[in-house]
file coords-v3.cif (mmCIF, C-alpha atoms and all ligand atoms)
data_structure
#
loop_
_atom_site.label_atom_id
_atom_site.label_comp_id
_atom_site.auth_asym_id
_atom_site.auth_seq_id
_atom_site.Cartn_x
_atom_site.Cartn_y
_atom_site.Cartn_z
CA MET A 5 0.00 0.00 0.00
CA PRO A 6 1.21 3.53 -0.59
CA THR A 7 2.60 5.37 2.42
CA GLN A 8 0.99 8.40 3.95
CA THR A 9 2.59 11.79 4.42
CA PRO A 10 3.24 12.81 8.03
CA ILE A 11 0.46 14.69 9.72
CA GLU A 12 0.29 16.22 13.14
CA PRO A 13 -1.89 14.52 15.74
CA ARG A 14 -4.90 16.62 16.55
CA THR A 15 -7.72 16.60 19.05
CA PRO A 16 -10.14 13.86 18.00
CA PRO A 17 -13.40 15.31 16.64
CA ALA A 18 -16.66 14.15 18.15
CA ALA A 19 -17.96 11.13 16.25
CA PRO A 20 -21.15 11.93 14.35
CA THR A 21 -24.40 10.49 15.74
CA LEU A 22 -25.36 7.72 13.35
CA PRO A 23 -28.72 6.05 12.79
CA LYS A 24 -28.88 2.33 13.62
CA THR A 25 -29.95 0.74 10.33
CA ALA A 26 -28.76 -2.86 10.49
CA ARG A 27 -28.61 -4.93 7.34
CA ARG A 28 -31.64 -7.19 6.85
CA MET A 29 -30.65 -10.79 6.10
CA THR A 30 -33.69 -11.84 4.10
CA ALA A 31 -34.15 -15.46 2.98
CA ARG A 32 -33.02 -14.41 -0.50
CA ARG A 33 -29.84 -12.86 0.82
CA ARG A 34 -29.11 -15.94 2.92
CA ILE A 35 -29.39 -18.15 -0.17
CA ILE A 36 -27.12 -15.84 -2.18
CA ALA A 37 -24.57 -15.79 0.70
CA ALA A 38 -24.64 -19.60 1.02
CA SER A 39 -24.08 -20.05 -2.71
CA ARG A 40 -21.22 -17.52 -2.66
CA ARG A 41 -19.64 -19.38 0.25
CA MET A 42 -19.82 -22.66 -1.65
CA ARG A 43 -18.08 -21.08 -4.66
CA GLU A 44 -15.39 -19.65 -2.37
CA LEU A 45 -14.75 -23.01 -0.76
CA GLY A 46 -14.51 -24.54 -4.25
CA SER A 47 -11.96 -21.90 -5.28
CA ILE A 48 -9.81 -22.60 -2.20
CA ALA A 49 -9.97 -26.37 -2.83
CA SER A 50 -8.86 -25.81 -6.43
CA ALA A 51 -5.98 -23.55 -5.27
CA VAL A 52 -4.79 -26.20 -2.83
CA ALA A 53 -5.03 -28.89 -5.52
CA SER A 54 -3.00 -27.02 -8.15
CA THR A 55 -0.43 -24.21 -8.14
CA SER A 56 -0.53 -23.53 -11.87
CA HIS A 57 -3.32 -20.91 -11.92
CA PRO A 58 -3.75 -17.46 -10.34
CA TYR A 59 -6.02 -17.28 -7.31
CA MET A 60 -6.70 -13.54 -7.44
CA ALA A 61 -6.28 -10.79 -10.02
CA HIS A 62 -6.84 -7.10 -9.47
CA ILE A 63 -7.85 -5.42 -12.72
CA VAL A 64 -8.01 -1.65 -13.26
CA PRO A 65 -10.74 -0.44 -15.67
CA MET A 66 -9.68 3.20 -15.31
CA ARG A 67 -7.03 5.08 -13.41
CA ARG A 68 -9.11 8.21 -12.88
CA CYS A 69 -10.46 8.91 -9.42
CA ASN A 70 -12.88 11.51 -8.07
CA LEU A 71 -10.76 11.84 -4.90
CA ALA A 72 -7.08 12.63 -4.37
CA CYS A 73 -5.92 10.99 -1.14
CA THR A 74 -2.44 12.36 -0.52
CA TYR A 75 -0.87 8.94 0.26
CA CYS A 76 -2.15 7.32 -2.96
CA ASN A 77 -0.05 6.73 -6.10
CA GLU A 78 -2.67 4.71 -7.97
CA PHE A 79 -4.82 7.40 -9.58
CA ASP A 80 -4.95 10.43 -11.87
CA ASP A 81 -7.70 12.91 -12.67
CA VAL A 82 -7.58 12.82 -16.47
CA SER A 83 -7.52 9.30 -17.89
CA ASN A 84 -10.34 7.80 -19.94
CA PRO A 85 -12.04 4.47 -19.22
CA THR A 86 -10.44 1.44 -20.87
CA PRO A 87 -12.72 0.54 -23.84
CA ILE A 88 -15.19 -2.17 -22.89
CA ASP A 89 -14.16 -4.61 -25.65
CA GLU A 90 -10.58 -4.50 -24.38
CA MET A 91 -11.70 -4.99 -20.77
CA LEU A 92 -13.77 -8.02 -21.77
CA ARG A 93 -10.81 -9.52 -23.68
CA ARG A 94 -8.58 -9.11 -20.61
CA ILE A 95 -11.17 -10.70 -18.33
CA ASP A 96 -11.69 -13.62 -20.72
CA HIS A 97 -7.95 -14.24 -20.71
CA LEU A 98 -7.79 -14.16 -16.91
CA GLY A 99 -10.62 -16.71 -17.03
CA ARG A 100 -8.62 -18.92 -19.42
CA LEU A 101 -5.68 -18.79 -16.98
CA GLY A 102 -8.07 -20.20 -14.37
CA THR A 103 -8.23 -17.11 -12.11
CA SER A 104 -10.53 -17.80 -9.15
CA VAL A 105 -11.24 -14.25 -7.94
CA ILE A 106 -11.19 -11.12 -10.12
CA THR A 107 -11.39 -7.85 -8.21
CA ILE A 108 -12.00 -4.56 -9.97
CA SER A 109 -9.80 -1.84 -8.59
CA GLY A 110 -8.78 1.66 -9.60
CA GLY A 111 -8.74 4.69 -9.59
CA GLU A 112 -12.45 4.60 -8.93
CA PRO A 113 -14.20 1.71 -10.75
CA LEU A 114 -17.68 3.25 -10.43
CA LEU A 115 -16.54 5.94 -12.90
CA HIS A 116 -16.35 3.32 -15.66
CA PRO A 117 -19.56 3.65 -17.72
CA GLU A 118 -19.76 -0.08 -18.51
CA LEU A 119 -18.88 -1.44 -15.07
CA ASP A 120 -21.95 -3.72 -14.95
CA GLN A 121 -20.85 -5.49 -18.14
CA ILE A 122 -17.39 -5.96 -16.67
CA ILE A 123 -18.82 -7.57 -13.52
CA ALA A 124 -21.18 -9.81 -15.51
CA ARG A 125 -18.26 -10.95 -17.69
CA ILE A 126 -16.17 -11.83 -14.63
CA ARG A 127 -19.03 -14.00 -13.38
CA LYS A 128 -19.35 -15.57 -16.84
CA THR A 129 -15.75 -16.84 -16.56
CA GLY A 130 -16.75 -18.64 -13.36
CA ALA A 131 -14.69 -16.33 -11.15
CA ILE A 132 -15.82 -14.61 -7.97
CA ALA A 133 -16.39 -10.91 -8.74
CA GLY A 134 -15.08 -8.28 -6.32
CA MET A 135 -14.73 -4.52 -6.34
CA ILE A 136 -12.78 -1.96 -4.30
CA THR A 137 -14.44 1.45 -4.32
CA ASN A 138 -14.40 4.69 -2.38
CA GLY A 139 -18.20 4.46 -2.31
CA TYR A 140 -18.93 8.07 -3.26
CA PHE A 141 -21.10 7.17 -6.28
CA LEU A 142 -23.25 4.55 -4.59
CA MET A 143 -26.99 5.16 -4.76
CA PRO A 144 -29.86 2.69 -4.27
CA ASP A 145 -30.40 2.14 -8.01
CA ARG A 146 -26.64 1.77 -8.61
CA ILE A 147 -26.43 -0.86 -5.86
CA GLU A 148 -29.38 -2.74 -7.40
CA ARG A 149 -27.55 -2.75 -10.74
CA LEU A 150 -24.47 -4.20 -9.06
CA ASN A 151 -26.69 -6.92 -7.55
CA LYS A 152 -28.09 -7.69 -10.97
CA ALA A 153 -24.65 -7.79 -12.59
CA GLY A 154 -23.61 -10.46 -10.05
CA LEU A 155 -21.13 -8.64 -7.81
CA ASP A 156 -19.99 -10.95 -4.99
CA HIS A 157 -17.83 -8.69 -2.79
CA MET A 158 -17.32 -5.00 -2.25
CA GLN A 159 -14.63 -3.40 -0.12
CA ILE A 160 -14.67 0.21 1.00
CA SER A 161 -11.69 1.63 2.87
CA ILE A 162 -12.57 4.35 5.34
CA ASP A 163 -9.57 6.29 6.57
CA ASN A 164 -11.00 8.59 9.24
CA VAL A 165 -14.18 9.72 10.98
CA MET A 166 -14.02 13.31 9.75
CA PRO A 167 -12.46 14.35 6.42
CA ASP A 168 -9.04 16.00 6.58
CA ASP A 169 -6.33 17.14 4.16
CA VAL A 170 -5.03 13.59 3.71
CA SER A 171 -8.26 11.73 2.96
CA LYS A 172 -11.94 12.38 2.35
CA LYS A 173 -12.77 8.69 2.72
CA SER A 174 -14.51 9.49 5.97
CA LEU A 175 -17.26 7.91 7.97
CA LYS A 176 -19.09 11.22 8.20
CA VAL A 177 -19.29 11.45 4.41
CA LEU A 178 -19.81 7.76 3.68
CA ASP A 179 -22.21 6.68 6.40
CA LYS A 180 -25.23 7.48 4.19
CA LYS A 181 -23.74 5.18 1.53
CA LEU A 182 -23.20 2.43 4.09
CA GLN A 183 -26.86 2.67 5.09
CA MET A 184 -27.85 2.34 1.42
CA LEU A 185 -25.68 -0.76 1.15
CA ALA A 186 -27.23 -2.22 4.31
CA GLU A 187 -30.64 -1.74 2.75
CA HIS A 188 -30.02 -2.77 -0.85
CA ALA A 189 -26.84 -4.83 -1.33
CA ASP A 190 -27.13 -8.58 -1.91
CA PHE A 191 -23.33 -8.87 -2.06
CA HIS A 192 -20.85 -9.14 0.80
CA VAL A 193 -19.53 -5.82 2.06
CA ASN A 194 -16.27 -5.36 3.95
CA ILE A 195 -15.24 -2.08 5.52
CA ASN A 196 -11.50 -1.65 5.99
CA SER A 197 -10.11 0.83 8.48
CA VAL A 198 -6.45 1.76 9.01
CA VAL A 199 -4.11 2.44 11.87
CA GLY A 200 -0.44 3.42 11.88
CA GLY A 201 1.96 6.30 11.39
CA GLY A 202 -0.04 8.25 8.84
CA THR A 203 -3.36 8.42 10.65
CA ALA A 204 -4.17 11.36 12.90
CA ASN A 205 -6.55 9.64 15.33
CA PRO A 206 -6.01 5.93 16.02
CA GLU A 207 -9.39 5.61 17.71
CA ASP A 208 -11.12 6.45 14.40
CA ALA A 209 -10.41 2.88 13.26
CA LEU A 210 -12.38 1.53 16.21
CA THR A 211 -15.32 3.85 15.54
CA ILE A 212 -15.34 2.78 11.87
CA SER A 213 -15.14 -0.94 12.61
CA LYS A 214 -17.89 -0.76 15.23
CA ARG A 215 -20.13 1.07 12.79
CA ALA A 216 -19.44 -1.52 10.06
CA LEU A 217 -20.35 -4.39 12.37
CA GLU A 218 -23.42 -2.56 13.63
CA LEU A 219 -24.66 -2.28 10.03
CA GLY A 220 -24.12 -6.01 9.44
CA PHE A 221 -20.92 -5.84 7.38
CA SER A 222 -17.58 -7.47 8.01
CA SER A 223 -14.64 -5.29 8.95
CA THR A 224 -10.87 -5.52 8.68
CA ILE A 225 -8.06 -3.27 9.81
CA GLY A 226 -4.82 -2.53 7.98
CA ILE A 227 -1.53 -1.04 9.16
CA ILE A 228 0.18 1.69 7.18
CA HIS A 229 3.77 2.87 7.28
CA ASP A 230 4.69 6.06 9.05
CA GLY A 231 5.18 9.24 7.03
CA SER A 232 8.82 8.48 6.20
CA GLY A 233 7.90 5.08 4.76
CA GLN A 234 9.52 3.20 7.63
CA LEU A 235 8.05 0.20 9.33
CA LYS A 236 7.74 1.11 13.01
CA PRO A 237 6.01 -0.68 15.86
CA LEU A 238 2.55 0.65 16.66
CA GLY A 239 2.47 3.16 19.51
CA GLU A 240 0.55 2.40 22.71
CA ALA A 241 -2.71 4.08 21.65
CA GLU A 242 -2.53 2.51 18.18
CA ARG A 243 -1.81 -0.93 19.62
CA LYS A 244 -4.83 -0.66 21.92
CA VAL A 245 -7.10 0.19 18.98
CA TRP A 246 -5.52 -2.53 16.85
CA ASP A 247 -6.08 -5.20 19.53
CA GLU A 248 -9.65 -4.07 20.14
CA VAL A 249 -10.59 -4.01 16.45
CA ARG A 250 -9.07 -7.43 15.92
CA ARG A 251 -11.01 -8.75 18.90
CA LEU A 252 -14.24 -7.33 17.48
CA THR A 253 -13.61 -8.53 13.93
CA ARG A 254 -12.31 -12.02 14.66
CA ARG A 255 -15.12 -13.56 12.62
CA SER A 256 -14.61 -11.30 9.62
CA TYR A 257 -13.88 -12.33 6.07
CA SER A 258 -10.10 -11.86 5.93
CA ARG A 259 -8.78 -14.36 8.44
CA PHE A 260 -5.33 -14.97 6.95
CA ASN A 261 -3.78 -11.89 8.48
CA HIS A 262 -1.19 -13.31 10.90
CA PHE A 263 1.49 -11.41 8.97
CA GLN A 264 0.08 -8.17 10.40
CA GLU A 265 1.29 -9.10 13.89
CA ALA A 266 4.93 -8.69 12.75
CA ILE A 267 4.05 -5.42 11.00
CA ALA A 268 2.37 -4.18 14.19
CA ASN A 269 5.61 -4.96 16.03
CA GLY A 270 7.72 -3.21 13.35
CA GLN A 271 9.36 -6.49 12.34
CA PRO A 272 9.91 -8.02 8.89
CA ASN A 273 7.90 -11.07 7.77
CA ASP A 274 9.44 -14.32 6.56
CA TRP A 275 7.13 -15.35 3.71
CA ARG A 276 7.03 -16.28 0.03
CA CYS A 277 5.34 -13.65 -2.10
CA ARG A 278 3.55 -15.43 -4.96
CA ALA A 279 2.82 -12.25 -6.92
CA GLY A 280 2.94 -12.76 -10.69
CA SER A 281 1.60 -16.24 -10.08
CA ARG A 282 -1.19 -16.61 -7.52
CA TYR A 283 -1.82 -12.86 -7.56
CA LEU A 284 -1.76 -10.64 -10.67
CA TYR A 285 -2.13 -6.87 -10.90
CA VAL A 286 -3.45 -5.87 -14.33
CA ASP A 287 -3.19 -2.13 -14.81
CA GLU A 288 -5.31 0.14 -17.02
CA ASN A 289 -3.00 -0.59 -19.98
CA GLY A 290 -3.44 -4.33 -19.57
CA ILE A 291 0.10 -4.91 -18.28
CA VAL A 292 0.63 -7.59 -15.63
CA SER A 293 2.70 -6.47 -12.64
CA TYR A 294 3.44 -8.14 -9.33
CA CYS A 295 1.33 -5.58 -7.47
CA SER A 296 0.38 -1.91 -7.56
CA GLN A 297 3.75 -0.98 -6.01
CA GLN A 298 5.95 -3.00 -8.41
CA ARG A 299 4.65 -1.89 -11.79
CA GLY A 300 6.60 -3.23 -14.76
CA TYR A 301 7.61 -6.55 -13.15
CA PRO A 302 7.16 -8.85 -14.95
CA GLY A 303 5.61 -6.25 -17.30
CA ILE A 304 3.92 -8.63 -19.75
CA PRO A 305 0.60 -7.78 -21.49
CA VAL A 306 -2.16 -9.90 -19.95
CA ALA A 307 -3.16 -11.21 -23.41
CA GLU A 308 0.32 -12.80 -23.63
CA TYR A 309 0.48 -14.07 -20.05
CA THR A 310 0.71 -17.84 -19.97
CA THR A 311 0.65 -20.69 -17.48
CA ALA A 312 4.43 -20.86 -17.95
CA ASP A 313 4.65 -17.27 -16.59
CA VAL A 314 2.45 -18.24 -13.65
CA LYS A 315 4.68 -21.23 -12.86
CA ARG A 316 7.91 -19.24 -13.21
CA GLU A 317 6.80 -16.41 -10.94
CA PHE A 318 5.59 -18.90 -8.34
CA LEU A 319 9.25 -19.78 -7.80
CA THR A 320 10.65 -16.25 -8.10
CA GLU A 321 11.76 -14.68 -4.85
CA LYS A 322 10.67 -11.05 -4.39
CA THR A 323 13.37 -9.07 -2.62
CA CYS A 324 10.79 -6.56 -1.38
CA ALA A 325 8.89 -9.23 0.60
CA PRO A 326 10.19 -8.81 4.18
CA ASN A 327 8.64 -5.37 4.78
CA CYS A 328 5.68 -5.66 2.42
CA THR A 329 2.31 -4.61 3.85
CA ILE A 330 0.11 -5.47 0.84
CA SER A 331 -2.42 -7.60 2.64
CA CYS A 332 -4.22 -9.19 -0.32
CA VAL A 333 -0.95 -10.67 -1.64
CA HIS A 334 0.00 -11.93 1.81
CA GLN A 335 -3.40 -13.58 2.15
CA VAL A 336 -3.29 -15.18 -1.30
CA SER A 337 0.29 -16.38 -0.77
CA TYR A 338 -0.71 -17.97 2.52
CA ILE A 339 -2.37 -20.82 0.59
CA ASP A 340 1.09 -21.97 -0.58
CA HIS A 341 3.11 -20.98 2.47
CA TRP A 342 4.04 -24.59 3.15
CA ARG A 343 5.28 -25.57 -0.28
CA ALA A 344 7.80 -24.85 -3.03
CA PRO A 345 10.68 -22.67 -1.79
CA GLN A 346 11.49 -19.85 -4.22
CA THR A 347 14.71 -20.53 -6.06
CA SER A 348 14.84 -17.86 -8.76
CA THR A 349 15.79 -14.27 -7.96
CA THR A 350 15.55 -12.88 -11.46
CA THR A 351 12.46 -11.84 -13.34
CA PRO A 352 12.64 -13.02 -16.95
CA GLY A 353 10.64 -10.80 -19.29
CA ALA A 354 10.88 -7.80 -16.95
CA ALA A 355 12.67 -4.51 -17.33
CA GLY A 356 15.32 -5.61 -14.86
CA HIS A 357 16.14 -8.07 -12.13
CA GLY A 358 14.71 -8.81 -8.73
CA GLU A 359 17.13 -6.50 -6.94
CA ASP A 360 15.68 -3.54 -8.87
CA LEU A 361 12.29 -3.89 -7.23
CA VAL A 362 11.15 -0.90 -5.18
CA GLN A 363 12.30 -1.60 -1.64
CA ILE A 364 10.11 -0.98 1.37
CA HIS A 365 12.18 -0.32 4.51
S1 LIG A 401 -10.08 6.98 -3.35
FE1 LIG A 401 -8.65 5.25 -3.60
S2 LIG A 401 -7.87 5.44 -5.73
FE2 LIG A 401 -8.86 7.39 -5.20
S3 LIG A 401 -7.17 8.69 -4.49
FE3 LIG A 401 -8.08 7.72 -2.66
S4 LIG A 401 -6.91 5.82 -2.31
FE4 LIG A 401 -6.44 6.55 -4.40
S1 LIG A 402 6.47 -8.53 -1.72
FE1 LIG A 402 6.93 -7.04 -3.30
S2 LIG A 402 6.03 -7.91 -5.17
FE2 LIG A 402 5.13 -9.01 -3.44
S3 LIG A 402 3.24 -7.87 -3.01
FE3 LIG A 402 4.82 -7.02 -1.68
S4 LIG A 402 5.67 -5.25 -2.79
FE4 LIG A 402 4.52 -6.52 -4.28
#
call {"tool": "encode", "arguments": {"input": "coords-v3.cif", "output": "structure tokens"}}
result
Amino acid sequence: MPTQTPIEPRTPPAAPTLPKTARRMTARRRIIAASRRMRELGSIASAVASTSHPYMAHIVPMRRCNLACTYCNEFDDVSNPTPIDEMLRRIDHLGRLGTSVITISGGEPLLHPELDQIIARIRKTGAIAGMITNGYFLMPDRIERLNKAGLDHMQISIDNVMPDDVSKKSLKVLDKKLQMLAEHADFHVNINSVVGGGTANPEDALTISKRALELGFSSTIGIIHDGSGQLKPLGEAERKVWDEVRRLTRRSYSRFNHFQEAIANGQPNDWRCRAGSRYLYVDENGIVSYCSQQRGYPGIPVAEYTTADVKREFLTEKTCAPNCTISCVHQVSYIDHWRAPQTSTTTPGAAGHGEDLVQIH
């Protein structure tokens, strides 16, 4: 994840008073959730059975975003949507590679005019369809269209309770959208909060997670680097919030997050990053990279990505792994933690070698 710029701690603002509109689990929603769970279990079984296909791909339909969070390096405010025919070709190819979960990322995906077609095509490949959004464009009719298209999962990251100069992804602004989701969404919703060096008020994460659970969503918490990009142990107040949120969210969707304990303690992780293999990042130009922070490695167009690439990258050691905080890649790589040590340190087909990867300290 990108690092945040340093900001001065300030007096915590009073949390807004929020209406208690819990999500209704109708019989229909229970059936949809059970069927989704069965597909997820099937995808995990298939990942355990074979290492020659990606488990998750993040695909970017447009880089443009309506916000400008100061810590983010994954957006611009000018780019056009990727043409729909090209998006469908990329998704079909990810399907041919056997990708189990395809998550639409950005920029802001809801700005793409043909997003519903993209979601429906992901489902047509047999993959689980996810989306990461800032939530600003959600309205009841838009949520109903996402239901109809077959969206399985949505994640919204909320950075603070009140908007500030760093981020406008704030509970105060987004709570109305969360209530709409509670009322209308048939898909699973996860609300991610953050704690760490770049956040002004650690206790905001607890307020956000409590609100997510109150509305009937799952909730996760992520740790971000401090403003200088260094991995530091959480401070006392941050640690308290971190422990409390993890206690509250123990039953949430993302359970494979043991790696975060080392990050919370400011220590490196000993793990095998399977990016380029089990996890693919497909940018708005259709180029496959390890992740959003290592663009250009291996740097192959998705249309040309083969099972041989997947197998090679499975065994390629990533020198940036020890201090990596990208949780989705950690979680995906956890499936194969116990097998196949990585023996290759170079990245054939890339602009350079493994040691040229951006290093996180
Ligand atoms: S909303 Fe997301 S994509 Fe947009 S600027 Fe913020 S972090 Fe980046
Ligand atoms: S270890 Fe490196 S390549 Fe793997 S997800 Fe982290 S930053 Fe990306």
call {"tool": "residues_around", "arguments": {"input": "coords-v3.cif", "residues": "Tyr283 in chain A", "least_positions_apart": "5", "cutoff": "9 Å", "atoms": "all atoms listed in the file", "output": "PyMOL selection string"}}
result
chain A and resi 58-62+103+278+294-295+332-333+336-337
call {"tool": "atom_distance", "arguments": {"input": "coords-v3.cif", "atom1": "CA of Gly154 in chain A", "atom2": "CA of Ile36 in chain A"}}
result
10.2 Å
call {"tool": "closest_residue", "arguments": {"input": "coords-v3.cif", "among": "A:Asp313, A:Ala307, A:Phe318, A:Arg125", "to": "Asn289 in chain A", "atoms": "all atoms listed in the file"}}
result
A:Ala307
call {"tool": "closest_residue", "arguments": {"input": "coords-v3.cif", "among": "A:Asn84, A:Thr329, A:Thr320, A:Ser104", "to": "Arg276 in chain A", "atoms": "only C-alpha atoms"}}
result
A:Thr320
call {"tool": "residues_near_ligand", "arguments": {"input": "coords-v3.cif", "ligand": "ligand LIG 401 (chain A)", "cutoff": "6 Å", "atoms": "all atoms listed in the file", "output": "list in words"}}
result
Cys69, Leu71, Ala72, Cys73, Cys76, Glu78, Phe79, Gly110, Gly111, Glu112 and Asn138 of chain A
call {"tool": "write_last_selection", "arguments": {"input": "coords-v3.cif", "atoms": "C-alpha atoms", "output": "JSON list (two decimals), in the coordinates of the input"}}
result
[["chain", "number", "residue", "atom", "x", "y", "z"],
["A", 69, "CYS", "CA", -10.46, 8.91, -9.42],
["A", 71, "LEU", "CA", -10.76, 11.84, -4.90],
["A", 72, "ALA", "CA", -7.08, 12.63, -4.37],
["A", 73, "CYS", "CA", -5.92, 10.99, -1.14],
["A", 76, "CYS", "CA", -2.15, 7.32, -2.96],
["A", 78, "GLU", "CA", -2.67, 4.71, -7.97],
["A", 79, "PHE", "CA", -4.82, 7.40, -9.58],
["A", 110, "GLY", "CA", -8.78, 1.66, -9.60],
["A", 111, "GLY", "CA", -8.74, 4.69, -9.59],
["A", 112, "GLU", "CA", -12.45, 4.60, -8.93],
["A", 138, "ASN", "CA", -14.40, 4.69, -2.38]]
call {"tool": "residues_near_point", "arguments": {"input": "coords-v3.cif", "point": "(-18.6, 3.3, -18.5)", "cutoff": "9 Å", "atoms": "only C-alpha atoms", "output": "list in words"}}
result
Pro85, Thr86, Pro87, Ile88, Leu114, Leu115, His116, Pro117, Glu118, Leu119 and Asp120 of chain A
call {"tool": "atom_distance", "arguments": {"input": "coords-v3.cif", "atom1": "CA of Thr211 in chain A", "atom2": "CA of Arg251 in chain A"}}
result
13.7 Å
call {"tool": "residues_around", "arguments": {"input": "coords-v3.cif", "residues": "Leu182 in chain A", "least_positions_apart": "5", "cutoff": "12 Å", "atoms": "all atoms listed in the file", "output": "PyMOL selection string"}}
result
chain A and resi 22-27+138-144+147+158-162+174-177+187-189+193-195+212+215-221
